[in-house]
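S.K.: Input structure: final-v1.csv, which contains CSV, C-alpha atoms and all ligand atoms.
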chain,number,residue,atom,x,y,z
I,134,MET,CA,5.6,26.3,-6.1
I,135,ASP,CA,1.9,25.4,-6.2
I,136,THR,CA,2.0,21.9,-4.7
I,137,ALA,CA,4.8,20.0,-2.9
I,138,ILE,CA,4.2,16.3,-3.3
I,139,ILE,CA,6.0,14.2,-0.7
I,140,GLY,CA,6.6,10.8,-2.2
I,141,GLY,CA,7.1,9.9,-5.9
I,142,GLY,CA,5.4,6.5,-6.1
I,143,ILE,CA,2.6,5.9,-8.4
I,144,ILE,CA,0.2,7.8,-6.2
I,145,GLY,CA,2.3,11.0,-5.8
I,146,ALA,CA,3.6,10.9,-9.4
I,147,SER,CA,0.0,10.5,-10.8
I,148,ILE,CA,-1.2,13.4,-8.7
I,149,ALA,CA,1.8,15.5,-9.9
I,150,TRP,CA,1.2,14.6,-13.5
I,151,ARG,CA,-2.5,15.6,-13.3
I,152,LEU,CA,-1.6,19.0,-11.6
I,153,LEU,CA,1.0,19.6,-14.3
I,154,ARG,CA,-1.7,19.0,-17.0
I,155,GLU,CA,-3.9,21.5,-15.2
I,156,GLY,CA,-1.2,24.2,-15.6
I,157,LEU,CA,-0.1,24.2,-12.0
I,158,ARG,CA,3.5,24.0,-10.8
I,159,PRO,CA,3.9,20.8,-8.7
I,160,VAL,CA,7.2,19.7,-7.2
I,161,LEU,CA,7.8,16.0,-6.4
I,162,PHE,CA,10.1,15.2,-3.5
I,163,ASP,CA,11.3,11.6,-3.2
I,164,ALA,CA,13.6,10.2,-0.6
I,165,GLY,CA,15.1,7.9,-3.2
I,166,THR,CA,14.4,7.4,-6.9
I,167,LEU,CA,11.0,8.1,-8.4
I,168,GLY,CA,8.8,5.0,-8.3
I,169,ARG,CA,11.4,2.6,-6.9
I,170,GLU,CA,9.4,1.3,-3.9
I,171,ALA,CA,6.0,-0.4,-3.7
I,172,SER,CA,5.2,1.0,-7.2
I,173,TRP,CA,8.2,-0.8,-8.7
I,174,ALA,CA,7.5,-4.0,-6.8
I,175,GLY,CA,3.8,-4.3,-7.4
I,176,ALA,CA,2.5,-6.9,-9.8
I,177,GLY,CA,0.0,-4.5,-11.4
I,178,MET,CA,-3.2,-6.5,-11.2
I,179,LEU,CA,-6.2,-4.3,-11.7
I,180,VAL,CA,-8.7,-6.6,-10.2
I,181,PRO,CA,-11.7,-5.3,-8.3
I,182,GLY,CA,-13.3,-8.7,-9.0
I,183,THR,CA,-10.8,-10.7,-7.0
I,184,GLU,CA,-10.2,-8.0,-4.3
I,185,PHE,CA,-13.6,-6.7,-3.3
I,186,SER,CA,-16.5,-8.9,-2.3
I,187,THR,CA,-18.9,-6.5,-0.5
I,188,PRO,CA,-20.2,-3.1,-1.4
I,189,THR,CA,-18.1,-0.4,0.3
I,190,PRO,CA,-17.0,3.1,-0.7
I,191,LEU,CA,-13.5,1.6,-1.3
I,192,ALA,CA,-14.9,-1.1,-3.6
I,193,SER,CA,-16.8,1.6,-5.6
I,194,LEU,CA,-13.6,3.7,-5.8
I,195,ALA,CA,-11.7,0.6,-7.2
I,196,VAL,CA,-14.4,0.0,-9.8
I,197,ARG,CA,-14.4,3.6,-10.8
I,198,SER,CA,-10.6,3.7,-11.0
I,199,LEU,CA,-10.5,0.6,-13.2
I,200,ALA,CA,-13.0,2.3,-15.5
I,201,MET,CA,-10.7,5.3,-15.7
I,202,TYR,CA,-7.7,3.2,-16.6
I,203,PRO,CA,-8.0,3.1,-20.5
I,204,GLY,CA,-8.3,6.9,-20.6
I,205,PHE,CA,-5.5,7.4,-18.0
I,206,VAL,CA,-3.1,5.2,-20.0
I,207,SER,CA,-3.9,6.6,-23.4
I,208,THR,CA,-3.5,10.2,-22.2
I,209,LEU,CA,-0.3,9.4,-20.5
I,210,GLU,CA,1.0,7.5,-23.6
I,211,ARG,CA,0.1,10.6,-25.7
I,212,ASP,CA,1.7,13.0,-23.2
I,213,SER,CA,4.9,11.0,-22.9
I,214,GLY,CA,5.3,9.3,-26.3
I,215,ARG,CA,5.9,6.0,-24.5
I,216,THR,CA,4.1,2.8,-24.6
I,217,ILE,CA,2.5,1.4,-21.4
I,218,ASP,CA,1.9,-2.3,-21.0
I,219,PHE,CA,-1.8,-2.3,-20.1
I,220,SER,CA,-4.7,-4.7,-21.0
I,221,LEU,CA,-8.2,-5.7,-19.9
I,222,CYS,CA,-7.1,-9.3,-19.9
I,223,GLY,CA,-9.7,-10.5,-17.3
I,224,SER,CA,-9.0,-12.7,-14.3
I,225,ILE,CA,-9.9,-16.1,-13.1
I,226,GLU,CA,-10.2,-17.3,-9.5
I,227,MET,CA,-10.1,-21.0,-8.9
I,228,ALA,CA,-12.3,-23.0,-6.5
I,229,ALA,CA,-11.0,-26.4,-5.2
I,230,ASP,CA,-14.3,-27.9,-4.3
I,231,ALA,CA,-18.1,-27.5,-4.2
I,232,ARG,CA,-18.0,-25.5,-1.0
I,233,GLU,CA,-15.7,-22.9,-2.5
I,234,ALA,CA,-17.8,-22.8,-5.6
I,235,ASP,CA,-20.9,-22.1,-3.4
I,236,ALA,CA,-19.1,-19.2,-1.8
I,237,PHE,CA,-18.4,-17.8,-5.2
I,238,GLU,CA,-22.1,-17.8,-6.0
I,239,GLU,CA,-22.7,-15.7,-3.0
I,240,ARG,CA,-19.8,-13.4,-4.0
I,241,ILE,CA,-21.3,-12.9,-7.5
I,242,ARG,CA,-24.6,-11.8,-6.0
I,243,LEU,CA,-22.9,-9.2,-3.7
I,244,GLN,CA,-20.6,-8.0,-6.4
I,245,ARG,CA,-23.5,-7.3,-8.8
I,246,ASP,CA,-24.4,-4.3,-6.5
I,247,ILE,CA,-20.9,-2.8,-6.9
I,248,GLY,CA,-21.1,-3.2,-10.7
I,249,ILE,CA,-18.6,-6.1,-11.0
I,250,GLU,CA,-19.4,-8.6,-13.7
I,251,ALA,CA,-18.6,-12.3,-12.8
I,252,HIS,CA,-19.3,-15.7,-14.3
I,253,LEU,CA,-18.9,-19.1,-12.6
I,254,ARG,CA,-18.0,-22.0,-14.9
I,255,LYS,CA,-16.8,-25.6,-14.5
I,256,SER,CA,-13.0,-25.9,-14.6
I,257,GLN,CA,-11.2,-27.8,-17.4
I,258,GLY,CA,-8.3,-28.8,-15.3
I,259,PRO,CA,-7.8,-30.1,-11.7
I,260,TRP,CA,-9.9,-27.4,-10.2
I,261,HIS,CA,-13.6,-27.7,-9.4
I,262,ALA,CA,-14.8,-24.4,-10.8
I,263,GLU,CA,-13.5,-21.0,-12.0
I,264,LEU,CA,-14.9,-17.6,-11.3
I,265,HIS,CA,-14.2,-15.4,-14.4
I,266,TYR,CA,-14.0,-11.6,-14.1
I,267,PRO,CA,-14.0,-10.5,-17.8
I,268,ARG,CA,-13.5,-6.8,-17.0
I,269,ASP,CA,-10.4,-7.1,-14.8
I,270,GLY,CA,-7.0,-5.9,-16.1
I,271,GLN,CA,-3.3,-5.5,-15.6
I,272,VAL,CA,-0.7,-2.8,-16.1
I,273,ASP,CA,3.0,-2.6,-15.7
I,274,PRO,CA,3.4,0.0,-13.0
I,275,ARG,CA,7.1,0.6,-14.0
I,276,ASP,CA,5.8,1.8,-17.4
I,277,ILE,CA,3.5,4.3,-15.8
I,278,ILE,CA,6.4,5.7,-13.7
I,279,ALA,CA,8.7,5.9,-16.7
I,280,ALA,CA,6.1,7.8,-18.7
I,281,ILE,CA,5.5,10.3,-15.9
I,282,ARG,CA,9.2,10.7,-15.5
I,283,THR,CA,9.5,11.4,-19.3
I,284,VAL,CA,6.8,14.1,-19.1
I,285,PHE,CA,8.5,15.8,-16.1
I,286,GLU,CA,12.0,15.6,-17.5
I,287,ARG,CA,10.8,17.3,-20.7
I,288,ASP,CA,8.3,19.9,-19.4
I,289,SER,CA,9.3,20.6,-15.8
I,290,PRO,CA,12.7,19.1,-15.0
I,291,TYR,CA,13.3,21.1,-11.8
I,292,ALA,CA,10.1,19.7,-10.4
I,293,LEU,CA,11.7,16.3,-9.9
I,294,ARG,CA,13.6,16.3,-6.6
I,295,GLU,CA,15.0,12.8,-6.1
I,296,ARG,CA,17.2,11.8,-3.1
I,297,ALA,CA,15.4,14.6,-1.3
I,298,ALA,CA,13.8,13.1,1.8
I,299,VAL,CA,11.3,15.3,3.5
I,300,GLN,CA,12.1,15.6,7.2
I,301,SER,CA,9.0,17.3,8.4
I,302,ILE,CA,5.9,19.1,7.1
I,303,GLU,CA,4.6,22.3,8.6
I,304,PRO,CA,1.1,23.3,7.4
I,305,HIS,CA,0.1,27.0,7.9
I,306,ARG,CA,-3.2,28.6,7.1
I,307,ASP,CA,-2.4,29.5,3.5
I,308,HIS,CA,0.9,27.6,2.8
I,309,VAL,CA,3.0,24.6,3.8
I,310,LEU,CA,6.7,24.5,4.6
I,311,VAL,CA,8.4,21.3,3.5
I,312,HIS,CA,11.6,20.7,5.4
I,313,THR,CA,14.5,18.8,3.7
I,314,ALA,CA,18.2,18.6,4.3
I,315,HIS,CA,18.5,21.4,1.7
I,316,GLY,CA,16.4,23.7,3.7
I,317,PRO,CA,12.6,24.5,3.8
I,318,PHE,CA,10.5,24.8,0.6
I,319,ARG,CA,7.4,26.9,0.7
I,320,ALA,CA,4.3,25.7,-1.3
I,321,ARG,CA,0.7,26.8,-1.5
I,322,THR,CA,-0.5,23.3,-0.9
I,323,ALA,CA,1.1,19.9,-0.2
I,324,VAL,CA,0.3,16.2,-0.6
I,325,LEU,CA,1.6,13.5,1.7
I,326,ALA,CA,2.0,10.4,-0.5
I,327,ALA,CA,5.0,8.7,0.9
I,328,GLY,CA,3.5,5.2,0.9
I,329,ALA,CA,4.4,3.0,3.9
I,330,TRP,CA,6.7,5.8,5.2
I,331,SER,CA,4.0,8.5,5.2
I,332,THR,CA,3.4,8.8,8.9
I,333,ASP,CA,7.1,8.5,9.8
I,334,ILE,CA,7.3,12.1,8.6
I,335,PRO,CA,6.3,14.4,11.4
I,336,ILE,CA,3.6,17.0,10.8
I,337,LEU,CA,4.6,20.1,12.9
I,338,GLY,CA,2.1,22.4,14.5
I,339,PRO,CA,-1.3,21.6,16.1
I,340,ALA,CA,-1.9,17.9,16.3
I,341,LEU,CA,-3.8,16.6,13.3
I,342,ALA,CA,-5.6,13.3,13.4
I,343,VAL,CA,-4.2,11.1,10.6
I,344,GLU,CA,-4.2,7.3,10.5
I,345,PRO,CA,-0.8,5.7,10.9
I,346,ALA,CA,0.7,3.9,7.8
I,347,PHE,CA,2.8,0.8,8.2
I,348,PRO,CA,4.5,-1.6,5.8
I,349,VAL,CA,3.2,-5.1,4.8
I,350,LYS,CA,6.1,-6.8,3.0
I,351,GLY,CA,5.4,-8.9,-0.1
I,352,HIS,CA,7.7,-11.2,-2.1
I,353,LEU,CA,7.2,-11.7,-5.9
I,354,ALA,CA,9.0,-13.8,-8.5
I,355,SER,CA,9.2,-13.9,-12.3
I,356,TRP,CA,9.9,-16.3,-15.2
I,357,THR,CA,10.2,-15.8,-18.9
I,358,PHE,CA,7.7,-17.5,-21.2
I,359,PRO,CA,6.6,-17.0,-24.8
I,360,ALA,CA,4.4,-13.9,-24.9
I,361,GLY,CA,0.7,-14.7,-24.7
I,362,ALA,CA,1.2,-18.1,-23.1
I,363,LEU,CA,-0.7,-17.5,-19.9
I,364,GLY,CA,-4.0,-15.7,-20.9
I,365,PRO,CA,-6.0,-14.0,-18.1
I,366,ILE,CA,-4.7,-13.5,-14.6
I,367,ARG,CA,-5.0,-16.7,-12.5
I,368,ARG,CA,-5.5,-16.5,-8.8
I,369,ARG,CA,-6.3,-18.4,-5.7
I,370,GLY,CA,-6.3,-16.5,-2.4
I,371,HIS,CA,-3.1,-14.5,-2.1
I,372,HIS,CA,-1.4,-16.4,-4.9
I,373,TYR,CA,-1.6,-15.2,-8.4
I,374,LEU,CA,0.0,-15.1,-11.8
I,375,LEU,CA,0.0,-12.6,-14.7
I,376,GLN,CA,2.0,-12.2,-17.8
I,377,ARG,CA,3.4,-9.0,-19.2
I,378,ARG,CA,3.4,-8.2,-22.9
I,379,SER,CA,7.1,-9.0,-23.0
I,380,GLY,CA,6.4,-12.6,-21.9
I,381,THR,CA,7.6,-12.1,-18.3
I,382,VAL,CA,5.3,-14.0,-15.9
I,383,VAL,CA,5.0,-12.4,-12.5
I,384,ALA,CA,3.9,-14.5,-9.5
I,385,GLY,CA,3.0,-13.3,-6.1
I,386,ALA,CA,2.7,-12.8,-3.2
I,387,THR,CA,3.4,-13.1,0.5
I,388,GLN,CA,1.9,-10.8,3.1
I,389,GLU,CA,4.4,-10.3,6.0
I,390,HIS,CA,4.6,-8.0,9.0
I,391,ALA,CA,8.3,-7.6,8.9
I,392,GLY,CA,8.9,-3.9,9.1
I,393,PHE,CA,11.1,-2.5,6.3
I,394,ASP,CA,13.3,-5.7,6.1
I,395,ARG,CA,14.5,-5.9,2.5
I,396,THR,CA,15.8,-9.4,2.7
I,397,VAL,CA,14.5,-11.7,-0.1
I,398,HIS,CA,13.9,-15.1,1.6
I,399,ALA,CA,14.3,-18.3,-0.4
I,400,HIS,CA,11.5,-20.0,1.5
I,401,ALA,CA,9.0,-17.3,0.6
I,402,VAL,CA,10.0,-17.5,-3.1
I,403,GLU,CA,9.7,-21.3,-3.0
I,404,GLU,CA,6.2,-21.0,-1.5
I,405,ILE,CA,5.1,-18.7,-4.3
I,406,ALA,CA,6.6,-20.9,-7.0
I,407,ARG,CA,4.9,-24.0,-5.5
I,408,GLU,CA,1.5,-22.5,-5.0
I,409,CYS,CA,1.5,-20.8,-8.4
I,410,ALA,CA,2.5,-24.0,-10.2
I,411,LEU,CA,-0.8,-25.4,-9.0
I,412,LEU,CA,-2.5,-22.5,-10.9
I,413,TRP,CA,-0.3,-23.1,-14.0
I,414,PRO,CA,1.7,-26.3,-14.2
I,415,GLU,CA,4.2,-24.9,-16.8
I,416,LEU,CA,5.7,-22.9,-13.9
I,417,GLY,CA,6.9,-26.0,-12.1
I,418,ALA,CA,9.6,-26.8,-14.7
I,419,SER,CA,12.1,-24.3,-13.6
I,420,PRO,CA,12.9,-22.0,-10.7
I,421,PRO,CA,12.1,-18.3,-11.0
I,422,GLU,CA,14.7,-16.1,-12.7
I,423,HIS,CA,14.1,-13.1,-10.5
I,424,SER,CA,12.6,-12.4,-7.1
I,425,TRP,CA,12.1,-9.2,-5.1
I,426,VAL,CA,10.2,-7.6,-2.2
I,427,GLY,CA,8.1,-4.4,-1.7
I,428,PHE,CA,6.3,-2.7,1.1
I,429,ARG,CA,2.5,-2.3,0.7
I,430,PRO,CA,1.4,0.9,2.5
I,431,ALA,CA,-1.2,-0.4,5.0
I,432,THR,CA,-3.5,1.3,7.6
I,433,ALA,CA,-5.2,-0.5,10.5
I,434,SER,CA,-8.7,0.4,9.1
I,435,GLY,CA,-7.8,-1.2,5.7
I,436,HIS,CA,-8.8,2.1,4.0
I,437,PRO,CA,-6.5,4.6,2.3
I,438,GLU,CA,-6.3,8.2,3.6
I,439,ILE,CA,-7.4,10.2,0.6
I,440,ARG,CA,-8.5,13.6,1.8
I,441,ARG,CA,-7.7,17.2,2.8
I,442,VAL,CA,-6.7,17.5,6.5
I,443,GLY,CA,-9.3,19.8,7.9
I,444,ALA,CA,-9.0,23.4,6.6
I,445,THR,CA,-5.2,23.1,6.2
I,446,PRO,CA,-3.6,23.2,2.7
I,447,LEU,CA,-2.3,19.7,3.3
I,448,TRP,CA,-3.8,16.6,1.5
I,449,LEU,CA,-3.2,12.9,2.4
I,450,ALA,CA,-2.9,10.2,-0.3
I,451,TYR,CA,-1.5,7.0,1.3
I,452,GLY,CA,-2.5,3.6,2.7
I,453,HIS,CA,-3.6,2.0,-0.6
I,454,PHE,CA,-2.3,-1.3,0.6
I,455,ARG,CA,-2.7,-4.1,-2.1
I,456,ASN,CA,-4.5,-1.8,-4.6
I,457,GLY,CA,-2.4,1.3,-5.1
I,458,ILE,CA,-1.8,0.7,-8.7
I,459,LEU,CA,-5.5,0.1,-9.3
I,460,LEU,CA,-6.5,3.1,-7.3
I,461,ALA,CA,-4.0,5.6,-8.8
I,462,PRO,CA,-6.2,7.2,-11.5
I,463,ALA,CA,-9.2,7.8,-9.1
I,464,THR,CA,-6.9,9.0,-6.3
I,465,ALA,CA,-5.1,11.4,-8.6
I,466,GLU,CA,-8.4,12.7,-10.0
I,467,SER,CA,-9.8,13.3,-6.5
I,468,VAL,CA,-6.8,14.9,-4.9
I,469,ALA,CA,-5.7,17.0,-7.9
I,470,GLY,CA,-9.3,18.1,-8.5
I,471,GLU,CA,-9.7,19.4,-5.0
I,472,ILE,CA,-6.3,21.1,-5.1
I,473,VAL,CA,-7.1,22.8,-8.4
I,474,ALA,CA,-10.4,24.0,-7.0
I,475,ALA,CA,-8.7,25.3,-3.9
I,476,ILE,CA,-5.9,27.2,-5.8
I,477,LYS,CA,-7.6,28.5,-8.9
I,501,LIG,C1,4.3,-7.5,-3.5
I,501,LIG,C2,3.3,-6.5,-3.9
I,501,LIG,C3,2.4,-6.7,-4.9
I,501,LIG,C4,1.5,-5.7,-5.2
I,501,LIG,N1,0.6,-6.0,-6.2
I,501,LIG,C5,-0.3,-5.0,-6.6
I,501,LIG,C6,-1.3,-5.2,-7.6
I,501,LIG,O1,-1.2,-6.3,-8.3
I,501,LIG,N2,-2.2,-4.3,-7.9
I,501,LIG,C7,-2.2,-3.1,-7.2
I,501,LIG,O2,-3.1,-2.3,-7.5
I,501,LIG,N3,-1.3,-2.9,-6.2
I,501,LIG,C8,-0.4,-3.8,-5.9
I,501,LIG,N4,0.5,-3.6,-4.9
I,501,LIG,C9,0.3,-2.4,-4.1
I,501,LIG,C10,0.9,-1.2,-4.7
I,501,LIG,O3,2.2,-1.5,-5.2
I,501,LIG,C11,0.9,0.0,-3.7
I,501,LIG,O4,-0.3,0.2,-3.1
I,501,LIG,C12,1.3,1.3,-4.4
I,501,LIG,O5,2.5,1.1,-5.2
I,501,LIG,C13,1.5,2.4,-3.4
I,501,LIG,O6,2.0,3.5,-4.1
I,501,LIG,P1,2.5,4.7,-3.3
I,501,LIG,O7,2.9,5.8,-4.3
I,501,LIG,O8,1.5,5.1,-2.2
I,501,LIG,O9,3.8,4.2,-2.5
I,501,LIG,P2,5.3,3.9,-3.0
I,501,LIG,O10,5.3,3.4,-4.3
I,501,LIG,O11,5.9,3.0,-1.9
I,501,LIG,O12,5.9,5.3,-3.0
I,501,LIG,C14,6.2,6.0,-1.8
I,501,LIG,C15,7.4,6.9,-2.2
I,501,LIG,O13,7.6,7.8,-1.0
I,501,LIG,C16,9.0,8.0,-0.9
I,501,LIG,N5,9.4,8.4,0.4
I,501,LIG,C17,9.5,7.7,1.5
I,501,LIG,N6,9.8,8.5,2.6
I,501,LIG,C18,9.9,9.8,2.1
I,501,LIG,C19,10.3,11.0,2.6
I,501,LIG,N7,10.6,11.2,3.9
I,501,LIG,N8,10.4,12.1,1.8
I,501,LIG,C20,10.1,12.0,0.4
I,501,LIG,N9,9.8,10.8,-0.1
I,501,LIG,C21,9.7,9.7,0.7
I,501,LIG,C22,9.6,6.6,-1.3
I,501,LIG,O14,11.0,6.7,-1.7
I,501,LIG,C23,8.7,6.1,-2.4
I,501,LIG,O15,9.2,6.4,-3.7
I,501,LIG,C24,1.4,-4.5,-4.6
I,501,LIG,C25,2.4,-4.2,-3.6
I,501,LIG,C26,3.4,-5.2,-3.3
I,501,LIG,C27,4.4,-4.9,-2.3
Would you mind writing the structure in this file as structure tokens?
M.R.:
Amino acid sequence: MDTAIIGGGIIGASIAWRLLREGLRPVLFDAGTLGREASWAGAGMLVPGTEFSTPTPLASLAVRSLAMYPGFVSTLERDSGRTIDFSLCGSIEMAADAREADAFEERIRLQRDIGIEAHLRKSQGPWHAELHYPRDGQVDPRDIIAAIRTVFERDSPYALRERAAVQSIEPHRDHVLVHTAHGPFRARTAVLAAGAWSTDIPILGPALAVEPAFPVKGHLASWTFPAGALGPIRRRGHHYLLQRRSGTVVAGATQEHAGFDRTVHAHAVEEIARECALLWPELGASPPEHSWVGFRPATASGHPEIRRVGATPLWLAYGHFRNGILLAPATAESVAGEIVAAIK
């Protein structure tokens, strides 16, 4: 085994797929089912425009990852023979009054330095103004996971180890032992990509400084509308709406510090429905058909851990918080690239 990947969400699965394309032998260990946690729950907005206001390395990574998306999707579609619901549909953020519109002007100026294109215009509806990000996009993350699963089931079926929780990780100088209930597995390299659970898995041996991960729960809800009814993503603060190619309109999201509590709370869903109906009144006519929760993998610094741990053969790829779907192509390129360079 060249690389043991611990966690099969969009981050671990994307890294595994890239390594497979490079001719390496990755093995994906997941405690449950591939892609059924945050990467199943996530809305799939690809919106550096509405997420990053100031020039930081993370903002630049997000812009780069969005630029990689068309190639990432078309290569994965070709590899898997599946269609992925992806579009550069743009996004619009609403301002309620002149003060908010002035803040948008300042944001546009700062975002120019990160390479984010934005245009402020008067709103047609009840809003004062709209900030339009023409290059933002969206993807259905479940399609990405399904495509990666197809590739692995066809080309490397034994590399998918589901219901195989990793109990601890033991890095050595030139290999890593990954301990599971089925015994230890030896790999030349390993990647810790277990999302919000990443630092619940002990790393044995000399203490390594890694930033703790923790969950930030989010509720989402969905309705069915005629395909194409919504147009660009609409957003105000943490509330947003996007429409899948199938017609499904997804609305989000809450941000809750509630540990790994999987309860779907009616009051949280009602709040989303109420706030999102202000963004698109059509939504107000009926209650959502579905609602669900997921756990964003957060870190206290607000930055993901994407790096090799010292000189060990262990890499970290977790803590992508609200933007793991957006950041998957750039994370996979960076981590897989370093592993290939270290192994070959
Ligand atoms: C409500 C909500 C809305 C979101 N909206 C967006 C959005 O619009 N755009 C965007 O870019 N991002 C969004 N996100 C964030 C995005 O979903 C996450 O950042 C991303 O999915 C994280 O991917 P991951 O692979 O790191 O984690 P996960 O998808 O959570 O995967 C981690 C995997 O590790 C596995 N695992 C756990 N413990 C172990 C173990 N001991 N051994 C082996 N495997 C283990 C789990 O089973 C899981 O499959 C949203 C998230 C939520 C919750």
S.K.: Hey, which of I:Lys255, I:Arg294, I:Arg268, I:Arg232 ends up closest to Phe162 of chain I? Count all atoms listed in the file.
M.R.: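 Smallest distance to Phe162 of chain I is found for I:Arg294.
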S.K.: Excluding Ile302 of chain I and any residue of its chain fewer than 3 positions from it, enumerate the residues within 12 Å of it, using only C-alpha atoms, and give them as a PDB file with C-alpha atoms, keeping the file's coordinate frame.
M.R.:
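The result, stored in part-v4.pdb:
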ATOM      1  CA  ALA I 137       4.800  20.000  -2.900  1.00  0.00           C
ATOM      2  CA  ILE I 138       4.200  16.300  -3.300  1.00  0.00           C
ATOM      3  CA  ILE I 139       6.000  14.200  -0.700  1.00  0.00           C
ATOM      4  CA  ALA I 298      13.800  13.100   1.800  1.00  0.00           C
ATOM      5  CA  VAL I 299      11.300  15.300   3.500  1.00  0.00           C
ATOM      6  CA  HIS I 305       0.100  27.000   7.900  1.00  0.00           C
ATOM      7  CA  HIS I 308       0.900  27.600   2.800  1.00  0.00           C
ATOM      8  CA  VAL I 309       3.000  24.600   3.800  1.00  0.00           C
ATOM      9  CA  LEU I 310       6.700  24.500   4.600  1.00  0.00           C
ATOM     10  CA  VAL I 311       8.400  21.300   3.500  1.00  0.00           C
ATOM     11  CA  HIS I 312      11.600  20.700   5.400  1.00  0.00           C
ATOM     12  CA  THR I 313      14.500  18.800   3.700  1.00  0.00           C
ATOM     13  CA  GLY I 316      16.400  23.700   3.700  1.00  0.00           C
ATOM     14  CA  PRO I 317      12.600  24.500   3.800  1.00  0.00           C
ATOM     15  CA  PHE I 318      10.500  24.800   0.600  1.00  0.00           C
ATOM     16  CA  ARG I 319       7.400  26.900   0.700  1.00  0.00           C
ATOM     17  CA  ALA I 320       4.300  25.700  -1.300  1.00  0.00           C
ATOM     18  CA  THR I 322      -0.500  23.300  -0.900  1.00  0.00           C
ATOM     19  CA  ALA I 323       1.100  19.900  -0.200  1.00  0.00           C
ATOM     20  CA  VAL I 324       0.300  16.200  -0.600  1.00  0.00           C
ATOM     21  CA  LEU I 325       1.600  13.500   1.700  1.00  0.00           C
ATOM     22  CA  SER I 331       4.000   8.500   5.200  1.00  0.00           C
ATOM     23  CA  THR I 332       3.400   8.800   8.900  1.00  0.00           C
ATOM     24  CA  ASP I 333       7.100   8.500   9.800  1.00  0.00           C
ATOM     25  CA  ILE I 334       7.300  12.100   8.600  1.00  0.00           C
ATOM     26  CA  PRO I 335       6.300  14.400  11.400  1.00  0.00           C
ATOM     27  CA  ILE I 336       3.600  17.000  10.800  1.00  0.00           C
ATOM     28  CA  LEU I 337       4.600  20.100  12.900  1.00  0.00           C
ATOM     29  CA  GLY I 338       2.100  22.400  14.500  1.00  0.00           C
ATOM     30  CA  PRO I 339      -1.300  21.600  16.100  1.00  0.00           C
ATOM     31  CA  LEU I 341      -3.800  16.600  13.300  1.00  0.00           C
ATOM     32  CA  THR I 445      -5.200  23.100   6.200  1.00  0.00           C
ATOM     33  CA  PRO I 446      -3.600  23.200   2.700  1.00  0.00           C
ATOM     34  CA  LEU I 447      -2.300  19.700   3.300  1.00  0.00           C
ATOM     35  CA  TRP I 448      -3.800  16.600   1.500  1.00  0.00           C
ATOM     36  CA  LEU I 449      -3.200  12.900   2.400  1.00  0.00           C
TER      37      LEU I 449
END
S.K.: So which one's closest to Leu411 of chain I, I:Gly248, I:Gly328, I:Gly351, I:Gly258? Using all atoms listed in the file, please.
M.R.: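 Using all atoms listed in the file, Leu411 of chain I sits closest to I:Gly258.
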S.K.: Please measure the separation of atom CA of Leu363 of chain I and atom C3 of ligand LIG 501 (chain I), giving the value in Å to one decimal.
M.R.: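 Distance reported for this atom pair: 18.7 Å.
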S.K.: So the first atom is atom CA of Arg154 of chain I and the second is atom CA of Ser198 of chain I; what is the distance between them in Å, to one decimal place?
M.R.: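 Going from atom CA of Arg154 of chain I over to atom CA of Ser198 of chain I covers 18.7 Å.
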S.K.: Around the point (2.0, -13.5, -14.9), in the coordinates given by the file, pick out the residues reaching within 10 Å, counting all atoms listed in the file, and return them as a PyMOL selection string.
M.R.: chain I and resi 176-178+271+354-358+361-367+373-378+380-385+409+413
S.K.: Point out the residue among I:Gly214, I:Pro348, I:Pro359, I:Pro267 with the least atom-to-atom distance to ligand LIG 501 (chain I), counting only C-alpha atoms and all ligand atoms.
M.R.: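 When distances to ligand LIG 501 (chain I) are compared using only C-alpha atoms and all ligand atoms, the smallest one comes from I:Pro348.
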S.K.: Taking all atoms listed in the file into account, name the residue in I:Arg197, I:Arg282, I:Arg287, I:His261 that is nearest to Trp150 of chain I.
M.R.: I:Arg282
